[in-house]
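Undergrad: Pasting a structure here, questions to come.
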Amino acid sequence: QALREARSPLPPGHVLKTHAIEHEMIGRTRTIWLDEHRADGGIIVFLHGGAYVSGPFASDWAWLSRQVDALDCAGLMVDYRNAPDHQHPVGRDDVEAVLGALAADGRLDGRRWALAGQHSGGGLAFVVARRLREQGAIPAPSALIAMSPWLDLELTNAGITETDQTDPVHERRLLRDAARRYAGRTPLQDPDLSPLNASLEGLPPVHLSVGLRDLFLSEVRVAKLQLEENGAEVHHREINGRFGLQLLPRKGEDIERLHREQSELLARVLGPEG
């Protein structure tokens, strides 16, 4: 209930003042553009957090706004549909339908784009990036930015018992309930729900970040190793404290360093010589 109440479906005031905002229904999915007129400089497609039961949050808007402003590009918040009203594969299909519509309209022609996400959105970004490499209708993203991504809905990673007693936001019961609500009849180990169970080869440059007190610390480390073993370009940052499922944007030296690293990767891959 707290997650649903924290949902911020509209951009906060500071985002409204900073960017040109456009709402667009693409199929059945609500999307919100930040500065679409800058799309020739690249597009950041963002998938919000919220454990597949809520979102976007103020932290999602703050991150996207900051990167769009820094890179002079466009941002697109995809408000994919969530449980309990909508179960898998609706969220995945919403994101792919949005990307498919952009490609069909020619809005990705000659433009570089990156896929980014936080928490459940980070896991979903891995799922979509893997599926895009297996088809040719939609251009692949130039980079993947995943912040404390939920990569294993079964919560089987070894580190979970080390942190769940100290992290009330990510306590195991909340996440297990959210996973069941979203998965419906689909087994939690399905790679389209738990991308850690799929091959991570053939992905674009990846930036992974996670908090040292996040429940997902171990699985993010496993993903980093798998990506490296498959020859991917991987950038990895672990920051102090909790980072996943942030309802409000965090501040501090660690966060500033992380944002700079993400911006540097995005600037390189979205730029004219990326």
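Letters A, B, ... mark the chains of the structure tokens in the order given; residue numbers begin at 1 per chain; ligand numbers begin at 1, in order shown.
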Could you make a table, as a tab-separated table, of the residues of segment 174-218 of chain A that have an atom within 6 Å of an atom of segment 81-96 of chain A, each with its nearest atom pair and distance in Å to one decimal, counting only C-alpha atoms, in chain and number order?

TA:
residue	atom	partner	partner_atom	distance
A:Arg181	CA	A:Pro84	CA	5.7
A:Tyr182	CA	A:Gln87	CA	4.6
A:Ala183	CA	A:His88	CA	5.2
A:Gly184	CA	A:Gln87	CA	5.9

Undergrad: For Arg111 of chain A, find every residue with an atom within 7 Å (counting only C-alpha atoms), except residues of its own chain fewer than 3 positions away, and show them as a list in words.

TA: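 With the cut-off at 7 Å, the set is Asp40, Gly42 and Leu108 of chain A.
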
Undergrad: Determine, counting only C-alpha atoms, which protein, DNA and RNA residues have an atom within 8 Å of an atom of Ala178 of chain A; residues of the same chain fewer than 5 positions away are not included. Present the result as a ChimeraX atom specification.

TA: /A:51-53,83

Undergrad: With only C-alpha atoms as the atoms that count, which of A:Thr31, A:Ser263, A:Gln246, A:Gln226 lies nearest to Cys73 of chain A?

TA: A:Ser263

Undergrad: For Pro249 of chain A, please output as a count of residues only all residues within 8 Å (counting only C-alpha atoms; exclusion window: fewer than 4 positions along the same chain).

TA: 5

Undergrad: Would you tabulate, counting only C-alpha atoms, all residues of segment 175-265 of chain A that have an atom at most 8 Å from an atom of segment 148-153 of chain A, showing the closest pair of atoms and their distance in Å to one decimal, sorted by chain then ascending number, as JSON lines?

TA:
{"residue": "A:Arg176", "atom": "CA", "partner": "A:Leu153", "partner_atom": "CA", "distance": 7.6}
{"residue": "A:Ala179", "atom": "CA", "partner": "A:Leu153", "partner_atom": "CA", "distance": 6.0}
{"residue": "A:Leu188", "atom": "CA", "partner": "A:Leu153", "partner_atom": "CA", "distance": 5.7}
{"residue": "A:Gln189", "atom": "CA", "partner": "A:Leu153", "partner_atom": "CA", "distance": 7.1}
{"residue": "A:Leu193", "atom": "CA", "partner": "A:Leu153", "partner_atom": "CA", "distance": 6.6}
{"residue": "A:Ser194", "atom": "CA", "partner": "A:Asp152", "partner_atom": "CA", "distance": 4.4}
{"residue": "A:Pro195", "atom": "CA", "partner": "A:Leu151", "partner_atom": "CA", "distance": 5.4}
{"residue": "A:Leu196", "atom": "CA", "partner": "A:Leu151", "partner_atom": "CA", "distance": 5.4}
{"residue": "A:Asn197", "atom": "CA", "partner": "A:Asp152", "partner_atom": "CA", "distance": 7.8}
{"residue": "A:Leu208", "atom": "CA", "partner": "A:Ser148", "partner_atom": "CA", "distance": 7.4}
{"residue": "A:Ser209", "atom": "CA", "partner": "A:Ser148", "partner_atom": "CA", "distance": 5.7}
{"residue": "A:Val210", "atom": "CA", "partner": "A:Ser148", "partner_atom": "CA", "distance": 4.4}
{"residue": "A:Gly211", "atom": "CA", "partner": "A:Ser148", "partner_atom": "CA", "distance": 7.0}
{"residue": "A:Asp214", "atom": "CA", "partner": "A:Ser148", "partner_atom": "CA", "distance": 7.5}
{"residue": "A:Phe216", "atom": "CA", "partner": "A:Ser148", "partner_atom": "CA", "distance": 6.5}
{"residue": "A:Leu217", "atom": "CA", "partner": "A:Ser148", "partner_atom": "CA", "distance": 7.6}
{"residue": "A:Glu219", "atom": "CA", "partner": "A:Leu151", "partner_atom": "CA", "distance": 6.8}
{"residue": "A:Val220", "atom": "CA", "partner": "A:Pro149", "partner_atom": "CA", "distance": 7.2}
{"residue": "A:Phe243", "atom": "CA", "partner": "A:Ser148", "partner_atom": "CA", "distance": 6.6}
{"residue": "A:Gly244", "atom": "CA", "partner": "A:Ser148", "partner_atom": "CA", "distance": 4.9}
{"residue": "A:Leu245", "atom": "CA", "partner": "A:Ser148", "partner_atom": "CA", "distance": 7.8}

Undergrad: Write out the residues from the selection above, keeping N, CA, C and O atoms, as a PDB file, in the first residue's frame.

TA:
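Below is the file again_5.pdb, written as the result:
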ATOM      1  N   ARG A 176       8.233 -10.852  -2.132  1.00  0.00           N
ATOM      2  CA  ARG A 176       7.639 -12.128  -2.555  1.00  0.00           C
ATOM      3  C   ARG A 176       6.171 -11.950  -2.916  1.00  0.00           C
ATOM      4  O   ARG A 176       5.687 -12.540  -3.894  1.00  0.00           O
ATOM      5  N   ALA A 179       6.099 -10.203  -6.280  1.00  0.00           N
ATOM      6  CA  ALA A 179       6.469 -11.124  -7.352  1.00  0.00           C
ATOM      7  C   ALA A 179       5.301 -12.029  -7.720  1.00  0.00           C
ATOM      8  O   ALA A 179       5.019 -12.251  -8.906  1.00  0.00           O
ATOM      9  N   LEU A 188       8.244 -18.170 -11.459  1.00  0.00           N
ATOM     10  CA  LEU A 188       9.132 -17.059 -11.145  1.00  0.00           C
ATOM     11  C   LEU A 188      10.508 -17.222 -11.784  1.00  0.00           C
ATOM     12  O   LEU A 188      11.211 -16.235 -12.001  1.00  0.00           O
ATOM     13  N   GLN A 189      10.889 -18.466 -12.077  1.00  0.00           N
ATOM     14  CA  GLN A 189      12.216 -18.677 -12.676  1.00  0.00           C
ATOM     15  C   GLN A 189      12.236 -18.407 -14.174  1.00  0.00           C
ATOM     16  O   GLN A 189      13.293 -18.461 -14.799  1.00  0.00           O
ATOM     17  N   LEU A 193      10.930 -13.122 -16.428  1.00  0.00           N
ATOM     18  CA  LEU A 193      10.692 -12.539 -15.115  1.00  0.00           C
ATOM     19  C   LEU A 193      11.997 -12.389 -14.337  1.00  0.00           C
ATOM     20  O   LEU A 193      12.199 -11.397 -13.626  1.00  0.00           O
ATOM     21  N   SER A 194      12.854 -13.368 -14.462  1.00  0.00           N
ATOM     22  CA  SER A 194      14.140 -13.397 -13.750  1.00  0.00           C
ATOM     23  C   SER A 194      15.260 -13.488 -14.778  1.00  0.00           C
ATOM     24  O   SER A 194      15.731 -14.576 -15.109  1.00  0.00           O
ATOM     25  N   PRO A 195      15.683 -12.342 -15.319  1.00  0.00           N
ATOM     26  CA  PRO A 195      16.649 -12.369 -16.425  1.00  0.00           C
ATOM     27  C   PRO A 195      18.004 -12.950 -16.064  1.00  0.00           C
ATOM     28  O   PRO A 195      18.779 -13.275 -16.956  1.00  0.00           O
ATOM     29  N   LEU A 196      18.276 -13.136 -14.774  1.00  0.00           N
ATOM     30  CA  LEU A 196      19.524 -13.778 -14.382  1.00  0.00           C
ATOM     31  C   LEU A 196      19.554 -15.234 -14.843  1.00  0.00           C
ATOM     32  O   LEU A 196      20.628 -15.840 -14.921  1.00  0.00           O
ATOM     33  N   ASN A 197      18.382 -15.799 -15.155  1.00  0.00           N
ATOM     34  CA  ASN A 197      18.299 -17.183 -15.606  1.00  0.00           C
ATOM     35  C   ASN A 197      18.475 -17.324 -17.111  1.00  0.00           C
ATOM     36  O   ASN A 197      18.375 -18.433 -17.641  1.00  0.00           O
ATOM     37  N   LEU A 208      25.995  -1.065 -14.267  1.00  0.00           N
ATOM     38  CA  LEU A 208      25.282  -1.684 -13.149  1.00  0.00           C
ATOM     39  C   LEU A 208      25.623  -0.938 -11.867  1.00  0.00           C
ATOM     40  O   LEU A 208      26.792  -0.648 -11.601  1.00  0.00           O
ATOM     41  N   SER A 209      24.614  -0.667 -11.055  1.00  0.00           N
ATOM     42  CA  SER A 209      24.872  -0.065  -9.751  1.00  0.00           C
ATOM     43  C   SER A 209      23.958  -0.697  -8.717  1.00  0.00           C
ATOM     44  O   SER A 209      22.858  -1.156  -9.021  1.00  0.00           O
ATOM     45  N   VAL A 210      24.446  -0.727  -7.470  1.00  0.00           N
ATOM     46  CA  VAL A 210      23.691  -1.365  -6.397  1.00  0.00           C
ATOM     47  C   VAL A 210      24.209  -0.844  -5.064  1.00  0.00           C
ATOM     48  O   VAL A 210      25.366  -0.427  -4.952  1.00  0.00           O
ATOM     49  N   GLY A 211      23.350  -0.821  -4.060  1.00  0.00           N
ATOM     50  CA  GLY A 211      23.755  -0.416  -2.726  1.00  0.00           C
ATOM     51  C   GLY A 211      24.318  -1.585  -1.942  1.00  0.00           C
ATOM     52  O   GLY A 211      23.895  -2.736  -2.106  1.00  0.00           O
ATOM     53  N   ASP A 214      21.590  -3.325  -0.210  1.00  0.00           N
ATOM     54  CA  ASP A 214      20.436  -3.738  -1.009  1.00  0.00           C
ATOM     55  C   ASP A 214      20.287  -5.253  -0.988  1.00  0.00           C
ATOM     56  O   ASP A 214      21.281  -5.988  -0.970  1.00  0.00           O
ATOM     57  N   PHE A 216      19.526  -6.917  -3.440  1.00  0.00           N
ATOM     58  CA  PHE A 216      19.926  -7.427  -4.746  1.00  0.00           C
ATOM     59  C   PHE A 216      21.437  -7.380  -4.949  1.00  0.00           C
ATOM     60  O   PHE A 216      21.920  -7.602  -6.070  1.00  0.00           O
ATOM     61  N   LEU A 217      22.190  -7.118  -3.902  1.00  0.00           N
ATOM     62  CA  LEU A 217      23.638  -6.975  -4.046  1.00  0.00           C
ATOM     63  C   LEU A 217      24.271  -8.221  -4.666  1.00  0.00           C
ATOM     64  O   LEU A 217      25.054  -8.135  -5.612  1.00  0.00           O
ATOM     65  N   GLU A 219      22.948 -10.739  -6.440  1.00  0.00           N
ATOM     66  CA  GLU A 219      22.560 -11.072  -7.805  1.00  0.00           C
ATOM     67  C   GLU A 219      23.134 -10.071  -8.810  1.00  0.00           C
ATOM     68  O   GLU A 219      23.450 -10.437  -9.952  1.00  0.00           O
ATOM     69  N   VAL A 220      23.313  -8.821  -8.402  1.00  0.00           N
ATOM     70  CA  VAL A 220      23.952  -7.852  -9.291  1.00  0.00           C
ATOM     71  C   VAL A 220      25.418  -8.232  -9.504  1.00  0.00           C
ATOM     72  O   VAL A 220      25.947  -8.127 -10.618  1.00  0.00           O
ATOM     73  N   PHE A 243      20.101   1.516  -1.941  1.00  0.00           N
ATOM     74  CA  PHE A 243      19.934   2.242  -3.187  1.00  0.00           C
ATOM     75  C   PHE A 243      18.686   1.801  -3.932  1.00  0.00           C
ATOM     76  O   PHE A 243      18.031   2.602  -4.583  1.00  0.00           O
ATOM     77  N   GLY A 244      18.339   0.537  -3.862  1.00  0.00           N
ATOM     78  CA  GLY A 244      17.195   0.025  -4.598  1.00  0.00           C
ATOM     79  C   GLY A 244      15.883   0.531  -4.048  1.00  0.00           C
ATOM     80  O   GLY A 244      15.748   0.886  -2.881  1.00  0.00           O
ATOM     81  N   LEU A 245      14.876   0.579  -4.914  1.00  0.00           N
ATOM     82  CA  LEU A 245      13.519   0.994  -4.565  1.00  0.00           C
ATOM     83  C   LEU A 245      13.514   2.318  -3.815  1.00  0.00           C
ATOM     84  O   LEU A 245      12.897   2.472  -2.770  1.00  0.00           O
TER      85      LEU A 245
END

Undergrad: Find the residues around Glu264 of chain A up to 12 Å (only C-alpha atoms counted), leave out those fewer than 4 positions away in its own chain, and share them as a list in words.

TA: Gln67, Ala70, Leu71, Ala143, Ile145, His207, His235, Arg257, Leu258, His259, Arg260, Arg268, Val269, Leu270, Gly271 and Gly274 of chain A

Undergrad: Write out as a list in words the set of residues from segment 59-268 of chain A that DSSP, computed on the backbone, places in strand (DSSP E or B).

TA: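 Going through segment 59-268 of chain A, the strand (DSSP E or B) residues come out as Ala74, Gly75, Leu76, Met77, Val78, Asp79, Trp113, Ala114, Leu115, Ala116, Gly117, Gln118, Leu144, Ile145, Ala146, Met147, Val206, His207, Leu208, Ser209, Val210, Gly211, Val234, His235, His236, Arg237, Glu238 and Ile239 of chain A.
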
Undergrad: With N, CA and C atoms retained, could you export that selection as a short mmCIF file (atom, residue, chain, number, x, y, z; two decimals), in the first residue's frame?

TA:
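The resulting again.cif:
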data_model
loop_
_atom_site.label_atom_id
_atom_site.label_comp_id
_atom_site.auth_asym_id
_atom_site.auth_seq_id
_atom_site.Cartn_x
_atom_site.Cartn_y
_atom_site.Cartn_z
N ALA A 74 16.65 13.67 -25.35
CA ALA A 74 15.25 13.46 -24.97
C ALA A 74 15.14 12.30 -24.00
N GLY A 75 14.10 12.32 -23.18
CA GLY A 75 13.81 11.22 -22.27
C GLY A 75 12.38 10.76 -22.43
N LEU A 76 12.16 9.47 -22.27
CA LEU A 76 10.81 8.92 -22.37
C LEU A 76 10.55 8.00 -21.19
N MET A 77 9.63 8.41 -20.32
CA MET A 77 9.20 7.58 -19.20
C MET A 77 8.09 6.66 -19.70
N VAL A 78 8.31 5.37 -19.60
CA VAL A 78 7.30 4.38 -20.01
C VAL A 78 6.58 3.91 -18.75
N ASP A 79 5.32 4.28 -18.62
CA ASP A 79 4.54 3.92 -17.44
C ASP A 79 3.84 2.59 -17.70
N TRP A 113 19.70 5.40 -28.96
CA TRP A 113 18.88 5.42 -27.76
C TRP A 113 19.44 4.45 -26.74
N ALA A 114 19.17 4.75 -25.48
CA ALA A 114 19.62 3.92 -24.37
C ALA A 114 18.42 3.48 -23.56
N LEU A 115 18.54 2.32 -22.94
CA LEU A 115 17.48 1.76 -22.10
C LEU A 115 17.96 1.79 -20.66
N ALA A 116 17.16 2.40 -19.79
CA ALA A 116 17.56 2.55 -18.39
C ALA A 116 16.40 2.16 -17.49
N GLY A 117 16.73 1.69 -16.29
CA GLY A 117 15.68 1.32 -15.35
C GLY A 117 16.21 1.16 -13.95
N GLN A 118 15.30 1.30 -13.01
CA GLN A 118 15.61 1.17 -11.59
C GLN A 118 14.77 0.05 -10.98
N LEU A 144 22.79 0.05 -21.73
CA LEU A 144 21.82 -0.41 -20.74
C LEU A 144 22.28 0.09 -19.38
N ILE A 145 21.43 0.90 -18.72
CA ILE A 145 21.73 1.44 -17.40
C ILE A 145 20.75 0.81 -16.42
N ALA A 146 21.28 0.05 -15.44
CA ALA A 146 20.41 -0.66 -14.50
C ALA A 146 20.83 -0.33 -13.07
N MET A 147 19.91 0.25 -12.31
CA MET A 147 20.17 0.67 -10.94
C MET A 147 19.46 -0.26 -9.97
N VAL A 206 26.95 -1.95 -20.56
CA VAL A 206 26.06 -1.97 -19.39
C VAL A 206 26.69 -1.20 -18.24
N HIS A 207 25.89 -0.37 -17.58
CA HIS A 207 26.30 0.21 -16.30
C HIS A 207 25.39 -0.36 -15.22
N LEU A 208 25.99 -1.06 -14.27
CA LEU A 208 25.28 -1.68 -13.15
C LEU A 208 25.62 -0.94 -11.87
N SER A 209 24.61 -0.67 -11.06
CA SER A 209 24.87 -0.07 -9.75
C SER A 209 23.96 -0.70 -8.72
N VAL A 210 24.45 -0.73 -7.47
CA VAL A 210 23.69 -1.37 -6.40
C VAL A 210 24.21 -0.84 -5.06
N GLY A 211 23.35 -0.82 -4.06
CA GLY A 211 23.75 -0.42 -2.73
C GLY A 211 24.32 -1.58 -1.94
N VAL A 234 31.29 -3.71 -19.25
CA VAL A 234 30.53 -3.56 -18.01
C VAL A 234 31.17 -2.48 -17.15
N HIS A 235 30.33 -1.56 -16.69
CA HIS A 235 30.73 -0.57 -15.70
C HIS A 235 29.92 -0.87 -14.45
N HIS A 236 30.57 -0.86 -13.30
CA HIS A 236 29.93 -1.34 -12.08
C HIS A 236 30.25 -0.40 -10.93
N ARG A 237 29.22 -0.05 -10.16
CA ARG A 237 29.43 0.82 -9.02
C ARG A 237 28.58 0.35 -7.85
N GLU A 238 29.24 0.11 -6.71
CA GLU A 238 28.54 -0.20 -5.46
C GLU A 238 28.64 1.01 -4.56
N ILE A 239 27.51 1.43 -4.00
CA ILE A 239 27.49 2.62 -3.17
C ILE A 239 27.05 2.27 -1.76
#

Undergrad: Return as an MDAnalysis selection string the full set of residues in segment 167-198 of chain A whose backbone-based DSSP assignment is alpha helix (DSSP H).

TA: chainID A and resid 172:183

Undergrad: Export, as a PDB file, in the first residue's frame, the selected residues with N, CA, C and O atoms.

TA:
ATOM      1  N   ARG A 172      11.695  -9.291   2.706  1.00  0.00           N
ATOM      2  CA  ARG A 172      11.402 -10.412   1.826  1.00  0.00           C
ATOM      3  C   ARG A 172       9.906 -10.608   1.566  1.00  0.00           C
ATOM      4  O   ARG A 172       9.496 -10.891   0.447  1.00  0.00           O
ATOM      5  N   ARG A 173       9.102 -10.408   2.564  1.00  0.00           N
ATOM      6  CA  ARG A 173       7.668 -10.662   2.403  1.00  0.00           C
ATOM      7  C   ARG A 173       7.045  -9.719   1.375  1.00  0.00           C
ATOM      8  O   ARG A 173       6.232 -10.130   0.536  1.00  0.00           O
ATOM      9  N   LEU A 174       7.419  -8.460   1.419  1.00  0.00           N
ATOM     10  CA  LEU A 174       6.881  -7.489   0.471  1.00  0.00           C
ATOM     11  C   LEU A 174       7.226  -7.874  -0.959  1.00  0.00           C
ATOM     12  O   LEU A 174       6.370  -7.873  -1.845  1.00  0.00           O
ATOM     13  N   LEU A 175       8.491  -8.240  -1.179  1.00  0.00           N
ATOM     14  CA  LEU A 175       8.917  -8.559  -2.535  1.00  0.00           C
ATOM     15  C   LEU A 175       8.326  -9.872  -3.018  1.00  0.00           C
ATOM     16  O   LEU A 175       7.959 -10.002  -4.191  1.00  0.00           O
ATOM     17  N   ARG A 176       8.233 -10.852  -2.132  1.00  0.00           N
ATOM     18  CA  ARG A 176       7.639 -12.128  -2.555  1.00  0.00           C
ATOM     19  C   ARG A 176       6.171 -11.950  -2.916  1.00  0.00           C
ATOM     20  O   ARG A 176       5.687 -12.540  -3.894  1.00  0.00           O
ATOM     21  N   ASP A 177       5.473 -11.136  -2.152  1.00  0.00           N
ATOM     22  CA  ASP A 177       4.071 -10.867  -2.465  1.00  0.00           C
ATOM     23  C   ASP A 177       3.955 -10.133  -3.794  1.00  0.00           C
ATOM     24  O   ASP A 177       3.112 -10.471  -4.640  1.00  0.00           O
ATOM     25  N   ALA A 178       4.822  -9.143  -4.019  1.00  0.00           N
ATOM     26  CA  ALA A 178       4.792  -8.400  -5.278  1.00  0.00           C
ATOM     27  C   ALA A 178       5.115  -9.317  -6.448  1.00  0.00           C
ATOM     28  O   ALA A 178       4.481  -9.228  -7.515  1.00  0.00           O
ATOM     29  N   ALA A 179       6.099 -10.203  -6.280  1.00  0.00           N
ATOM     30  CA  ALA A 179       6.469 -11.124  -7.352  1.00  0.00           C
ATOM     31  C   ALA A 179       5.301 -12.029  -7.720  1.00  0.00           C
ATOM     32  O   ALA A 179       5.019 -12.251  -8.906  1.00  0.00           O
ATOM     33  N   ARG A 180       4.615 -12.562  -6.712  1.00  0.00           N
ATOM     34  CA  ARG A 180       3.476 -13.448  -6.981  1.00  0.00           C
ATOM     35  C   ARG A 180       2.357 -12.695  -7.701  1.00  0.00           C
ATOM     36  O   ARG A 180       1.720 -13.226  -8.617  1.00  0.00           O
ATOM     37  N   ARG A 181       2.103 -11.470  -7.264  1.00  0.00           N
ATOM     38  CA  ARG A 181       1.031 -10.688  -7.872  1.00  0.00           C
ATOM     39  C   ARG A 181       1.315 -10.410  -9.346  1.00  0.00           C
ATOM     40  O   ARG A 181       0.420 -10.467 -10.187  1.00  0.00           O
ATOM     41  N   TYR A 182       2.573 -10.093  -9.646  1.00  0.00           N
ATOM     42  CA  TYR A 182       2.905  -9.738 -11.014  1.00  0.00           C
ATOM     43  C   TYR A 182       3.041 -10.977 -11.905  1.00  0.00           C
ATOM     44  O   TYR A 182       2.589 -10.982 -13.048  1.00  0.00           O
ATOM     45  N   ALA A 183       3.652 -12.033 -11.381  1.00  0.00           N
ATOM     46  CA  ALA A 183       3.928 -13.218 -12.207  1.00  0.00           C
ATOM     47  C   ALA A 183       2.655 -13.962 -12.589  1.00  0.00           C
ATOM     48  O   ALA A 183       2.580 -14.552 -13.669  1.00  0.00           O
TER      49      ALA A 183
END
